[in-house]
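K.L.:
target-v7.pdb is reproduced below (PDB, C-alpha atoms).
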```
ATOM      1  CA  LEU D   1    -172.441  14.003  47.582
ATOM      2  CA  LEU D   2    -172.340  10.357  46.626
ATOM      3  CA  GLY D   3    -176.102   9.921  47.010
ATOM      4  CA  GLU D   4    -176.769  12.980  44.871
ATOM      5  CA  ALA D   5    -174.398  11.703  42.177
ATOM      6  CA  ILE D   6    -176.095   8.300  42.143
ATOM      7  CA  SER D   7    -179.490  10.021  41.806
ATOM      8  CA  ARG D   8    -178.207  12.082  38.870
ATOM      9  CA  PHE D   9    -176.831   8.934  37.240
ATOM     10  CA  LEU D  10    -180.121   7.093  37.648
ATOM     11  CA  GLN D  11    -181.978   9.966  36.002
ATOM     12  CA  THR D  12    -179.918   9.333  32.857
ATOM     13  CA  GLN D  13    -180.970   5.677  32.682
ATOM     14  CA  PRO D  14    -184.062   4.160  31.047
ATOM     15  CA  LYS D  15    -187.034   3.783  33.406
ATOM     16  CA  GLN D  16    -186.909  -0.036  33.481
ATOM     17  CA  ASN D  17    -183.220   0.025  34.388
ATOM     18  CA  ARG D  18    -183.840   2.548  37.176
ATOM     19  CA  ILE D  19    -186.610   0.385  38.590
ATOM     20  CA  ILE D  20    -184.592  -2.837  38.702
ATOM     21  CA  PHE D  21    -181.571  -1.002  40.138
ATOM     22  CA  LEU D  22    -183.669   0.426  42.964
ATOM     23  CA  ARG D  23    -185.432  -2.895  43.590
ATOM     24  CA  ARG D  24    -182.049  -4.595  43.941
ATOM     25  CA  TYR D  25    -179.966  -2.007  45.766
ATOM     26  CA  TRP D  26    -182.468   0.190  47.616
ATOM     27  CA  TYR D  27    -185.206  -2.288  48.522
ATOM     28  CA  ALA D  28    -182.698  -5.163  48.817
ATOM     29  CA  ASP D  29    -184.672  -7.541  46.618
ATOM     30  CA  SER D  30    -182.768 -10.593  45.485
ATOM     31  CA  VAL D  31    -181.920 -10.664  41.790
ATOM     32  CA  GLU D  32    -184.614 -13.312  41.390
ATOM     33  CA  GLN D  33    -187.250 -11.146  43.117
ATOM     34  CA  ALA D  34    -186.289  -8.055  41.103
ATOM     35  CA  ALA D  35    -186.367 -10.035  37.833
ATOM     36  CA  ARG D  36    -189.778 -11.470  38.689
ATOM     37  CA  HIS D  37    -191.098  -7.983  39.488
ATOM     38  CA  MET D  38    -189.917  -6.773  36.074
ATOM     39  CA  GLY D  39    -191.147  -9.839  34.206
ATOM     40  CA  TRP D  40    -187.564 -10.531  33.123
ATOM     41  CA  SER D  41    -185.403 -13.625  33.202
ATOM     42  CA  VAL D  42    -182.799 -13.771  35.951
ATOM     43  CA  SER D  43    -180.115 -13.732  33.255
ATOM     44  CA  LYS D  44    -181.418 -10.470  31.779
ATOM     45  CA  ALA D  45    -181.651  -8.884  35.222
ATOM     46  CA  LYS D  46    -178.070  -9.875  36.055
ATOM     47  CA  THR D  47    -176.813  -8.505  32.740
ATOM     48  CA  VAL D  48    -178.637  -5.175  33.108
ATOM     49  CA  LEU D  49    -177.427  -4.743  36.693
ATOM     50  CA  PHE D  50    -173.845  -5.612  35.747
ATOM     51  CA  ARG D  51    -173.813  -3.098  32.896
ATOM     52  CA  MET D  52    -175.370  -0.436  35.097
ATOM     53  CA  ARG D  53    -172.705  -0.958  37.761
ATOM     54  CA  LEU D  54    -170.009  -0.460  35.109
ATOM     55  CA  LYS D  55    -171.716   2.716  33.858
ATOM     56  CA  LEU D  56    -172.144   3.965  37.419
ATOM     57  CA  LYS D  57    -168.448   3.379  38.116
ATOM     58  CA  ASP D  58    -167.499   5.412  35.042
ATOM     59  CA  TYR D  59    -169.978   8.134  35.997
ATOM     60  CA  LEU D  60    -168.590   8.377  39.533
ATOM     61  CA  LYS D  61    -165.034   8.519  38.187
ATOM     62  CA  GLY D  62    -166.097  11.446  36.008
ATOM     63  CA  GLU D  63    -167.542  13.149  39.095
ATOM     64  CA  ASN D  64    -164.295  12.483  41.007
ATOM     65  CA  LEU D  65    -166.207  10.371  43.523
ATOM     66  CA  TYR D  66    -164.591   7.014  42.756
ATOM     67  CA  ASP D  67    -160.979   6.232  43.485
ATOM     68  CA  GLU D  68    -159.298   2.975  42.501
TER
END
```
How does the structure come out when it is put into structure tokens?

P.N.:
Amino acid sequence: LLGEAISRFLQTQPKQNRIIFLRRYWYADSVEQAARHMGWSVSKAKTVLFRMRLKLKDYLKGENLYDE
């Protein structure tokens, strides 16, 4: 269920955000490697990933799959 919810969440995100998220958390690239792959600064990559994690948390709460 969790994997399906994460997939649904990623489908709602812009393509570039989906790519960096997968590079970081699926392919286990470092933030530096993922940023380089995207042609982004490390700072931008960190910011995008941070904001996506917050959005994902809210999404999972809405799906009743996150409990604090």

K.L.:
Might you spell out which residues the PyMOL selection byres ((chain D and resi 6) around 12) would select in the displayed file, as a PyMOL selection string?

P.N.:
chain D and resi 1-5+7-13+18+21-22+25-26+52-53+55-61+63+65-66

K.L.:
Write the residues of the preceding selection, restricted to C-alpha atoms, as a tab-separated table (two decimals), keeping the file's coordinate frame.

P.N.:
```tsv
chain	number	residue	atom	x	y	z
D	1	LEU	CA	-172.44	14.00	47.58
D	2	LEU	CA	-172.34	10.36	46.63
D	3	GLY	CA	-176.10	9.92	47.01
D	4	GLU	CA	-176.77	12.98	44.87
D	5	ALA	CA	-174.40	11.70	42.18
D	7	SER	CA	-179.49	10.02	41.81
D	8	ARG	CA	-178.21	12.08	38.87
D	9	PHE	CA	-176.83	8.93	37.24
D	10	LEU	CA	-180.12	7.09	37.65
D	11	GLN	CA	-181.98	9.97	36.00
D	12	THR	CA	-179.92	9.33	32.86
D	13	GLN	CA	-180.97	5.68	32.68
D	18	ARG	CA	-183.84	2.55	37.18
D	21	PHE	CA	-181.57	-1.00	40.14
D	22	LEU	CA	-183.67	0.43	42.96
D	25	TYR	CA	-179.97	-2.01	45.77
D	26	TRP	CA	-182.47	0.19	47.62
D	52	MET	CA	-175.37	-0.44	35.10
D	53	ARG	CA	-172.70	-0.96	37.76
D	55	LYS	CA	-171.72	2.72	33.86
D	56	LEU	CA	-172.14	3.96	37.42
D	57	LYS	CA	-168.45	3.38	38.12
D	58	ASP	CA	-167.50	5.41	35.04
D	59	TYR	CA	-169.98	8.13	36.00
D	60	LEU	CA	-168.59	8.38	39.53
D	61	LYS	CA	-165.03	8.52	38.19
D	63	GLU	CA	-167.54	13.15	39.10
D	65	LEU	CA	-166.21	10.37	43.52
D	66	TYR	CA	-164.59	7.01	42.76
```

K.L.:
I'd like to see the residues matched by the PyMOL selection byres ((chain D and resi 34-45) around 12) on this file, and ideally I'd get them as a PyMOL selection string.

P.N.:
chain D and resi 15-33+46-52

K.L.:
Box for segment 14-28 of chain D - axis-aligned, 4 Å on each of the six sides, all listed atoms - centre and size in Å to one decimal, as lines of an AutoDock Vina configuration file.

P.N.:
```
center_x = -183.5
center_y = -0.5
center_z = 39.9
size_x = 15.1
size_y = 17.3
size_z = 25.8
```
